[in-house]
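Engineer: Here you go, this is run.txt (compact mmCIF, C-alpha atoms).
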# COMPACT_ATOMS: atom_id res chain seq x y z
CA MET A 67 89.25 32.08 -34.67
CA ASN A 68 90.19 30.42 -37.94
CA SER A 69 93.90 30.23 -38.75
CA PRO A 70 95.23 31.92 -41.92
CA ASP A 71 95.79 28.47 -43.45
CA ALA A 72 92.16 27.51 -42.79
CA LEU A 73 90.92 30.79 -44.30
CA VAL A 74 93.02 30.25 -47.43
CA ARG A 75 91.84 26.64 -47.64
CA ASN A 76 88.17 27.64 -47.38
CA ALA A 77 88.64 30.48 -49.85
CA LEU A 78 90.08 28.05 -52.40
CA MET A 79 87.48 25.38 -51.66
CA PHE A 80 84.66 27.83 -52.38
CA GLY A 81 86.36 30.20 -54.79
CA ILE A 82 87.60 27.71 -57.39
CA PRO A 83 84.20 26.07 -58.13
CA VAL A 84 82.30 29.37 -57.92
CA LEU A 85 84.59 31.42 -60.14
CA TYR A 86 84.89 28.71 -62.78
CA ALA A 87 81.11 28.16 -62.78
CA LEU A 88 80.64 31.87 -63.44
CA ALA A 89 83.38 31.91 -66.10
CA LEU A 90 81.98 28.89 -67.93
CA HIS A 91 78.47 30.36 -67.80
CA GLU A 92 79.50 33.62 -69.44
CA ALA A 93 81.86 31.98 -71.93
CA ALA A 94 79.03 29.65 -73.01
CA HIS A 95 76.85 32.67 -73.76
CA GLY A 96 79.66 34.08 -75.87
CA TYR A 97 80.32 30.86 -77.77
CA MET A 98 76.65 30.43 -78.58
CA ALA A 99 76.38 34.06 -79.69
CA ARG A 100 79.38 33.63 -81.99
CA TYR A 101 77.87 30.44 -83.44
CA LEU A 102 74.68 32.41 -84.13
CA GLY A 103 76.42 35.29 -85.87
CA ASP A 104 77.57 37.72 -83.15
CA ASP A 105 81.31 37.75 -82.46
CA SER A 106 81.35 40.81 -80.16
CA SER A 107 82.14 38.72 -77.08
CA ALA A 108 84.98 37.02 -78.96
CA LYS A 109 86.45 40.42 -79.86
CA GLU A 110 86.34 41.36 -76.17
CA GLY A 111 88.27 38.23 -75.23
CA ARG A 112 85.37 36.79 -73.26
CA LEU A 113 85.49 33.31 -74.82
CA SER A 114 87.75 32.21 -72.02
CA LEU A 115 87.60 30.13 -68.85
CA ASN A 116 89.96 32.56 -67.14
CA PRO A 117 87.78 33.90 -64.27
CA LEU A 118 89.64 37.21 -64.29
CA ARG A 119 88.11 38.03 -67.68
CA HIS A 120 84.60 37.69 -66.25
CA ILE A 121 84.89 39.39 -62.86
CA ASP A 122 82.67 42.42 -62.36
CA PRO A 123 83.96 44.62 -59.50
CA PHE A 124 80.46 45.26 -58.23
CA GLY A 125 78.54 42.10 -59.09
CA THR A 126 81.28 39.54 -58.37
CA ILE A 127 82.92 41.14 -55.34
CA LEU A 128 80.94 43.89 -53.60
CA LEU A 129 77.40 42.58 -54.08
CA PRO A 130 78.12 39.02 -52.80
CA MET A 131 79.77 40.51 -49.70
CA LEU A 132 76.71 42.68 -49.12
CA MET A 133 74.33 39.77 -49.68
CA TYR A 134 76.31 37.57 -47.29
CA TRP A 135 76.17 40.29 -44.65
CA LEU A 136 72.40 40.77 -45.12
CA ILE A 137 71.11 37.22 -45.57
CA ALA A 138 74.18 34.95 -45.26
CA LEU A 139 73.84 33.99 -48.95
CA PRO A 140 76.53 35.43 -51.24
CA PHE A 141 74.41 36.18 -54.32
CA GLY A 142 76.23 37.89 -57.15
CA TYR A 143 76.95 37.77 -60.86
CA ALA A 144 79.81 37.84 -63.33
CA LYS A 145 80.36 40.55 -65.90
CA PRO A 146 77.72 39.85 -68.60
CA VAL A 147 79.01 39.24 -72.10
CA MET A 148 77.95 41.82 -74.65
CA ILE A 149 75.44 40.55 -77.19
CA GLU A 150 74.75 42.52 -80.37
CA TYR A 151 71.12 41.63 -81.01
CA ASP A 152 71.19 42.92 -84.60
CA SER A 153 74.11 40.64 -85.47
CA LEU A 154 72.28 37.45 -84.51
CA ARG A 155 70.73 35.17 -87.09
CA GLU A 156 67.05 35.37 -87.88
CA PRO A 157 64.79 34.78 -86.11
CA LYS A 158 66.73 36.89 -83.62
CA ILE A 159 64.38 36.18 -80.71
CA LYS A 160 65.00 32.46 -81.10
CA SER A 161 68.75 33.11 -81.31
CA MET A 162 68.61 35.09 -78.06
CA ALA A 163 66.77 32.17 -76.46
CA TRP A 164 69.59 29.81 -77.42
CA VAL A 165 72.18 32.31 -76.16
CA GLY A 166 70.29 32.54 -72.87
CA LEU A 167 69.99 28.77 -72.57
CA ALA A 168 73.71 28.22 -73.22
CA GLY A 169 74.78 29.52 -69.79
CA PRO A 170 72.58 27.23 -67.66
CA ALA A 171 73.39 24.33 -70.03
CA ALA A 172 77.10 24.90 -69.35
CA ASN A 173 76.40 24.85 -65.62
CA LEU A 174 74.54 21.58 -66.12
CA ALA A 175 77.64 20.10 -67.77
CA MET A 176 79.91 21.42 -65.04
CA GLY A 177 77.58 20.17 -62.31
CA VAL A 178 77.64 16.69 -63.85
CA ALA A 179 81.44 16.86 -64.02
CA TRP A 180 81.61 17.69 -60.31
CA ALA A 181 79.18 14.86 -59.57
CA ILE A 182 81.39 12.44 -61.51
CA ALA A 183 84.40 13.68 -59.54
CA GLY A 184 82.51 13.01 -56.32
CA LEU A 185 81.57 9.49 -57.38
CA LEU A 186 85.16 8.74 -58.39
CA LEU A 187 86.42 10.03 -55.03
CA SER A 188 84.01 7.72 -53.24
CA ALA A 189 84.91 4.76 -55.46
CA SER A 190 88.63 5.30 -54.82
CA GLY A 191 88.13 5.41 -51.08
CA MET A 192 89.78 8.82 -50.87
CA HIS A 193 88.60 10.83 -47.86
CA ASN A 194 90.21 14.19 -48.58
CA SER A 195 87.93 16.74 -46.90
CA PHE A 196 89.20 19.59 -49.10
CA LEU A 197 88.39 17.77 -52.35
CA ARG A 198 85.06 16.52 -51.03
CA GLY A 199 84.16 20.01 -49.89
CA MET A 200 85.07 21.43 -53.30
CA VAL A 201 82.90 18.81 -55.00
CA GLN A 202 79.95 19.70 -52.77
CA VAL A 203 80.39 23.40 -53.53
CA GLY A 204 80.71 22.69 -57.26
CA VAL A 205 77.55 20.59 -57.35
CA SER A 206 75.51 22.96 -55.17
CA PHE A 207 76.62 26.21 -56.79
CA ASN A 208 76.05 25.02 -60.35
CA ALA A 209 72.61 23.80 -59.30
CA VAL A 210 71.83 27.21 -57.80
CA MET A 211 73.13 28.90 -60.97
CA ILE A 212 70.69 26.89 -63.07
CA VAL A 213 67.71 27.45 -60.79
CA VAL A 214 68.26 31.20 -60.38
CA ASN A 215 69.19 31.95 -63.99
CA MET A 216 66.23 30.04 -65.40
CA LEU A 217 63.75 32.19 -63.47
CA PRO A 218 61.76 34.07 -66.17
CA ILE A 219 62.68 37.48 -64.74
CA PRO A 220 64.72 40.07 -66.68
CA PRO A 221 67.70 40.25 -66.86
CA LEU A 222 68.03 36.54 -66.03
CA ASP A 223 68.54 33.99 -68.81
CA GLY A 224 65.11 32.49 -68.26
CA SER A 225 63.49 35.67 -69.57
CA ASN A 226 65.26 35.24 -72.93
CA VAL A 227 64.33 31.56 -73.07
CA VAL A 228 60.66 32.32 -72.38
CA ALA A 229 60.74 35.19 -74.89
CA GLY A 230 61.94 32.75 -77.55
CA LEU A 231 58.85 30.65 -76.96
CA LEU A 232 56.46 33.58 -77.27
CA PRO A 233 55.18 35.35 -80.40
CA GLU A 234 57.36 38.35 -81.26
CA ARG A 235 54.54 40.85 -80.73
CA VAL A 236 54.07 39.56 -77.19
CA MET A 237 57.81 39.54 -76.44
CA ARG A 238 58.27 43.15 -77.54
CA ALA A 239 55.62 44.25 -75.04
CA LEU A 240 57.54 42.73 -72.11
CA PRO A 241 59.85 44.92 -69.99
CA SER A 242 63.54 44.13 -69.91
CA PHE A 243 66.68 45.64 -68.44
CA PRO A 244 69.20 47.25 -70.83
CA ARG A 245 72.24 45.02 -71.41
CA ASP A 246 74.62 47.77 -72.40
CA GLU A 247 77.29 49.03 -70.02
CA VAL A 248 76.15 52.68 -69.82
CA PRO A 249 77.21 54.42 -66.58
CA VAL A 250 74.34 55.55 -64.35
CA LEU A 251 74.09 59.18 -63.18
CA PRO A 252 77.74 60.00 -63.98
CA GLY A 253 77.29 63.65 -62.99
CA LEU A 254 76.06 62.79 -59.50
CA LEU A 255 78.64 60.17 -58.51
CA PRO A 256 82.44 60.09 -58.26
CA LEU A 257 83.88 59.28 -61.68
CA ARG A 258 85.38 55.90 -60.70
CA LEU A 259 82.15 54.77 -59.01
CA ALA A 260 80.08 56.03 -61.96
CA ASN A 261 82.21 54.01 -64.38
CA TRP A 262 81.61 50.88 -62.29
CA LEU A 263 77.90 51.38 -61.61
CA THR A 264 76.07 50.53 -64.86
CA TRP A 265 72.54 49.67 -65.87
CA THR A 266 73.50 46.02 -65.55
CA ASP A 267 74.42 46.71 -61.93
CA VAL A 268 71.13 48.53 -61.32
CA GLY A 269 69.25 45.58 -62.76
CA GLY A 270 71.25 43.23 -60.55
CA VAL A 271 70.60 45.31 -57.42
CA LEU A 272 66.86 45.49 -58.09
CA LEU A 273 66.72 41.77 -58.79
CA PHE A 274 68.65 40.80 -55.68
CA CYS A 275 66.72 43.28 -53.51
CA THR A 276 63.58 41.49 -54.67
CA LEU A 277 65.15 38.14 -53.84
CA ILE A 278 66.12 39.42 -50.38
CA VAL A 279 62.54 40.49 -49.66
CA LEU A 280 61.17 37.15 -50.86
CA ILE A 281 63.74 35.24 -48.82
CA LYS A 282 63.07 37.34 -45.73
CA LEU A 283 59.34 36.64 -46.15
CA HIS A 284 60.18 32.92 -46.59
CA VAL A 285 58.44 32.90 -49.97
CA LEU A 286 61.33 31.36 -51.91
CA ASP A 287 62.83 29.14 -49.21
CA SER A 288 60.97 25.95 -50.02
CA PHE A 289 61.08 26.47 -53.80
CA MET A 290 64.81 27.26 -53.95
CA LEU A 291 65.71 24.36 -51.66
CA LYS A 292 63.61 21.81 -53.51
CA ALA A 293 64.63 23.08 -56.95
CA THR A 294 68.33 23.03 -56.04
CA GLN A 295 68.02 19.52 -54.60
CA MET A 296 66.25 18.34 -57.75
CA VAL A 297 68.96 19.76 -60.02
CA SER A 298 71.71 18.29 -57.82
CA SER A 299 69.97 14.91 -58.02
CA LEU A 300 69.83 15.31 -61.80
CA PHE A 301 73.61 15.81 -61.83
CA SER A 302 74.08 12.57 -59.92
CA LEU A 303 71.59 10.71 -62.13
CA ILE A 304 73.43 11.73 -65.30
CA ALA A 305 76.83 11.13 -63.70
CA SER A 306 76.12 7.59 -62.50
CA PRO A 307 76.37 5.74 -65.84
CA ILE A 308 79.19 8.01 -67.03
CA SER A 309 81.29 7.33 -63.92
CA PHE A 310 80.63 3.60 -64.32
CA LEU A 311 82.17 3.74 -67.80
CA LEU A 312 85.24 5.51 -66.43
CA HIS A 313 86.09 2.70 -63.98
Show this structure as structure tokens.
Structural biologist:
Amino acid sequence: MNSPDALVRNALMFGIPVLYALALHEAAHGYMARYLGDDSSAKEGRLSLNPLRHIDPFGTILLPMLMYWLIALPFGYAKPVMIEYDSLREPKIKSMAWVGLAGPAANLAMGVAWAIAGLLLSASGMHNSFLRGMVQVGVSFNAVMIVVNMLPIPPLDGSNVVAGLLPERVMRALPSFPRDEVPVLPGLLPLRLANWLTWTDVGGVLLFCTLIVLIKLHVLDSFMLKATQMVSSLFSLIASPISFLLH
């Protein structure tokens, strides 16, 4: 059985990179939205790297625990930033594409930063297992964030990016999940649970249930592994010359 110290150590080793990757992802959406005319996320205080501002009780805590129990992979999501579509600059579809792309782009930057940290650790000869483990988690999780979020499936960011490349008449015919935080079936659920369970959560559950089925059928295994390895290699490729300059 793991000691309390080991449990705390592992929680920090995984939690710090994961929570800050989620926080940066959502904050990047908010910054891009503000740049393109919508300051609703700024008014909500979401332009922050404080993970506490981006934690969703269901998507960040309960759903990852459920996913880990079901398939040993803690899938989850942070609280999505609110985007007022009508406040964005014209063409609004293109603006939404940039907002969608900002999150994965931020994870790309963070993944490269973790890769640089790993290269500097190796160059210094430091063999701290905690720091090396945190670097590995940071690289891997940011790679997974990019791969998963760029899938062209609503409500993932990839759907907004693809929509920005399509003619508006085609985009409007595509289904999408509502992004507003409207409680689901409030009359049939306890009030506290109804306030937590929103359309965003329903979209997340449906999406992750689909992912579970595909993973159980071994449909996504090879793709996810190869895509994540490719993105991780991209981090290292970009980091190599940058780390050389830092010596």
Engineer: Mind giving me the straight-line distance from atom CA of Ile82 of chain A to atom CA of Val213 of chain A in Å, one decimal?
Structural biologist: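 Computing the Euclidean distance for atom CA of Ile82 of chain A and atom CA of Val213 of chain A yields 20.2 Å.
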Engineer: Measuring atom to atom with all atoms listed in the file, identify which of A:Pro70, A:Leu186, A:Leu167, A:Gly204 is nearest to Pro218 of chain A.
Structural biologist: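 Residue with the minimum atom-to-atom distance to Pro218 of chain A: A:Leu167.
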Engineer: Just the residues within 6 Å of Lys145 of chain A, please, counting all atoms listed in the file, with nothing from its chain fewer than 3 positions along; format it as a VMD selection string.
Structural biologist: chain A and resid 120 to 122
Engineer: In Å, rounded to a single decimal, give me how far atom CA of Arg100 of chain A is from atom CA of Ser161 of chain A.
Structural biologist: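 Between these atoms lies a distance of 10.7 Å.
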Engineer: Could you tell me how far atom CA of Ala87 of chain A sits from atom CA of Asn208 of chain A, in Å to one decimal place?
Structural biologist: 6.4 Å
Engineer: Extract, using all atoms listed in the file, all DNA, RNA and protein residues at most 8 Å from Ala305 of chain A, discarding same-chain residues fewer than 4 positions from it, and format them as an mmCIF file with C-alpha atoms, in the coordinates of the input.
Structural biologist:
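Dumped everything to part-v6.cif:
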data_model
loop_
_atom_site.group_PDB
_atom_site.id
_atom_site.type_symbol
_atom_site.label_atom_id
_atom_site.label_comp_id
_atom_site.auth_asym_id
_atom_site.auth_seq_id
_atom_site.Cartn_x
_atom_site.Cartn_y
_atom_site.Cartn_z
ATOM 1 C CA VAL A 178 77.640 16.690 -63.850
ATOM 2 C CA ALA A 179 81.440 16.860 -64.020
ATOM 3 C CA ALA A 181 79.180 14.860 -59.570
ATOM 4 C CA ILE A 182 81.390 12.440 -61.510
ATOM 5 C CA PHE A 301 73.610 15.810 -61.830
ATOM 6 C CA SER A 309 81.290 7.330 -63.920
#
Engineer: To box segment 206-223 of chain A, take all atoms listed in the file, fit an axis-aligned box, add 5 Å on each side, and give centre and edge lengths in Å to one decimal, as lines of an AutoDock Vina configuration file.
Structural biologist:
center_x = 69.2
center_y = 31.6
center_z = -62.0
size_x = 24.9
size_y = 27.3
size_z = 23.6
Engineer: Find the spatial neighbours of segment 288-292 of chain A, counting only C-alpha atoms, within a cut-off of 12 Å - ignore same-chain residues fewer than 4 positions away - and output them as a PDB file with C-alpha atoms, in the coordinates of the input.
Structural biologist:
ATOM      1  CA  SER A 206      75.510  22.960 -55.170  1.00  0.00           C
ATOM      2  CA  ALA A 209      72.610  23.800 -59.300  1.00  0.00           C
ATOM      3  CA  VAL A 210      71.830  27.210 -57.800  1.00  0.00           C
ATOM      4  CA  MET A 211      73.130  28.900 -60.970  1.00  0.00           C
ATOM      5  CA  ILE A 212      70.690  26.890 -63.070  1.00  0.00           C
ATOM      6  CA  VAL A 213      67.710  27.450 -60.790  1.00  0.00           C
ATOM      7  CA  VAL A 214      68.260  31.200 -60.380  1.00  0.00           C
ATOM      8  CA  ASN A 215      69.190  31.950 -63.990  1.00  0.00           C
ATOM      9  CA  MET A 216      66.230  30.040 -65.400  1.00  0.00           C
ATOM     10  CA  LEU A 217      63.750  32.190 -63.470  1.00  0.00           C
ATOM     11  CA  LEU A 277      65.150  38.140 -53.840  1.00  0.00           C
ATOM     12  CA  LEU A 280      61.170  37.150 -50.860  1.00  0.00           C
ATOM     13  CA  ILE A 281      63.740  35.240 -48.820  1.00  0.00           C
ATOM     14  CA  LEU A 283      59.340  36.640 -46.150  1.00  0.00           C
ATOM     15  CA  HIS A 284      60.180  32.920 -46.590  1.00  0.00           C
ATOM     16  CA  MET A 296      66.250  18.340 -57.750  1.00  0.00           C
ATOM     17  CA  VAL A 297      68.960  19.760 -60.020  1.00  0.00           C
ATOM     18  CA  SER A 298      71.710  18.290 -57.820  1.00  0.00           C
ATOM     19  CA  SER A 299      69.970  14.910 -58.020  1.00  0.00           C
TER      20      SER A 299
END
Engineer: Taking only C-alpha atoms into account, name the residue in A:Val147, A:Leu300, A:Val74, A:Leu129 that is nearest to Leu90 of chain A.
Structural biologist: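 Of all the options, A:Val147 lies closest to Leu90 of chain A.
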Engineer: Using only C-alpha atoms for the distances, tell me which of A:Met200, A:Leu222, A:Leu154, A:Ala168 is nearest to Tyr86 of chain A.
Structural biologist: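 Among the listed residues, the smallest separation from Tyr86 of chain A belongs to A:Met200.
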Engineer: For Leu118 of chain A, work out the shell of residues within 12 Å, counting all atoms listed in the file and skipping chain neighbours fewer than 4 positions away, then give it as a PyMOL selection string.
Structural biologist: chain A and resi 82+85-86+88-90+92+111-114+122-123+126-127+144-145
Engineer: Export C-alpha atoms of the chosen residues as a PDB file, in the coordinates of the input?
Structural biologist:
ATOM      1  CA  ILE A  82      87.600  27.710 -57.390  1.00  0.00           C
ATOM      2  CA  LEU A  85      84.590  31.420 -60.140  1.00  0.00           C
ATOM      3  CA  TYR A  86      84.890  28.710 -62.780  1.00  0.00           C
ATOM      4  CA  LEU A  88      80.640  31.870 -63.440  1.00  0.00           C
ATOM      5  CA  ALA A  89      83.380  31.910 -66.100  1.00  0.00           C
ATOM      6  CA  LEU A  90      81.980  28.890 -67.930  1.00  0.00           C
ATOM      7  CA  GLU A  92      79.500  33.620 -69.440  1.00  0.00           C
ATOM      8  CA  GLY A 111      88.270  38.230 -75.230  1.00  0.00           C
ATOM      9  CA  ARG A 112      85.370  36.790 -73.260  1.00  0.00           C
ATOM     10  CA  LEU A 113      85.490  33.310 -74.820  1.00  0.00           C
ATOM     11  CA  SER A 114      87.750  32.210 -72.020  1.00  0.00           C
ATOM     12  CA  ASP A 122      82.670  42.420 -62.360  1.00  0.00           C
ATOM     13  CA  PRO A 123      83.960  44.620 -59.500  1.00  0.00           C
ATOM     14  CA  THR A 126      81.280  39.540 -58.370  1.00  0.00           C
ATOM     15  CA  ILE A 127      82.920  41.140 -55.340  1.00  0.00           C
ATOM     16  CA  ALA A 144      79.810  37.840 -63.330  1.00  0.00           C
ATOM     17  CA  LYS A 145      80.360  40.550 -65.900  1.00  0.00           C
TER      18      LYS A 145
END
Engineer: Within 8 Å of Ser153 of chain A, counting all atoms listed in the file, which residues show up once you throw out same-chain ones fewer than 2 positions away? Write them as a PyMOL selection string, please.
Structural biologist: chain A and resi 103-104+150-151+155
Engineer: Counting only C-alpha atoms, I want the residues whose atoms come within 10 Å of (69.1, 33.6, -77.8) in the file frame, returned as a PyMOL selection string.
Structural biologist: chain A and resi 95+98-99+102+149+151+154-155+157-168+223+226-227+229-230
Engineer: Measuring atom to atom with all atoms listed in the file, identify which of A:Leu128, A:Ala172, A:Ala189, A:Leu78 is nearest to His91 of chain A.
Structural biologist: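 So, comparing all the options, the nearest one is A:Ala172.
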Engineer: For a quick check of understanding, using all atoms listed in the file, which of A:Ile304, A:Ala293, A:Met79, A:Met148 has the smallest distance to Glu110 of chain A?
Structural biologist: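 So, comparing all the options, the nearest one is A:Met148.
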Engineer: Take segment 107-119 of chain A, bring it up to N, CA, C and O atoms, and give me the output as a tab-separated table (two decimals), in the frame of the given file.
Structural biologist:
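File rebuild-v1.tsv, as written:
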chain	number	residue	atom	x	y	z
A	107	SER	N	81.52	39.24	-78.30
A	107	SER	CA	82.14	38.72	-77.08
A	107	SER	C	83.52	38.13	-77.37
A	107	SER	O	84.42	38.22	-76.54
A	108	ALA	N	83.67	37.54	-78.57
A	108	ALA	CA	84.98	37.02	-78.96
A	108	ALA	C	85.98	38.15	-79.11
A	108	ALA	O	87.15	38.03	-78.69
A	109	LYS	N	85.57	39.27	-79.69
A	109	LYS	CA	86.45	40.42	-79.86
A	109	LYS	C	86.88	41.00	-78.53
A	109	LYS	O	87.95	41.59	-78.41
A	110	GLU	N	86.02	40.85	-77.50
A	110	GLU	CA	86.34	41.36	-76.17
A	110	GLU	C	87.18	40.38	-75.36
A	110	GLU	O	87.52	40.66	-74.21
A	111	GLY	N	87.48	39.22	-75.94
A	111	GLY	CA	88.27	38.23	-75.23
A	111	GLY	C	87.51	37.50	-74.15
A	111	GLY	O	88.10	36.99	-73.19
A	112	ARG	N	86.19	37.41	-74.30
A	112	ARG	CA	85.37	36.79	-73.26
A	112	ARG	C	85.13	35.30	-73.49
A	112	ARG	O	84.49	34.66	-72.66
A	113	LEU	N	85.64	34.75	-74.59
A	113	LEU	CA	85.49	33.31	-74.82
A	113	LEU	C	86.63	32.59	-74.12
A	113	LEU	O	87.48	31.95	-74.74
A	114	SER	N	86.65	32.70	-72.82
A	114	SER	CA	87.75	32.21	-72.02
A	114	SER	C	87.24	31.67	-70.69
A	114	SER	O	86.24	32.16	-70.16
A	115	LEU	N	87.92	30.65	-70.17
A	115	LEU	CA	87.60	30.13	-68.85
A	115	LEU	C	88.45	30.79	-67.76
A	115	LEU	O	88.39	30.36	-66.60
A	116	ASN	N	89.20	31.79	-68.12
A	116	ASN	CA	89.96	32.56	-67.14
A	116	ASN	C	88.98	33.43	-66.34
A	116	ASN	O	88.39	34.36	-66.88
A	117	PRO	N	88.77	33.14	-65.05
A	117	PRO	CA	87.78	33.90	-64.27
A	117	PRO	C	88.05	35.39	-64.25
A	117	PRO	O	87.11	36.19	-64.13
A	118	LEU	N	89.31	35.79	-64.36
A	118	LEU	CA	89.64	37.21	-64.29
A	118	LEU	C	88.99	38.00	-65.43
A	118	LEU	O	88.75	39.20	-65.29
A	119	ARG	N	88.73	37.34	-66.55
A	119	ARG	CA	88.11	38.03	-67.68
A	119	ARG	C	86.62	38.26	-67.46
A	119	ARG	O	85.99	39.00	-68.23
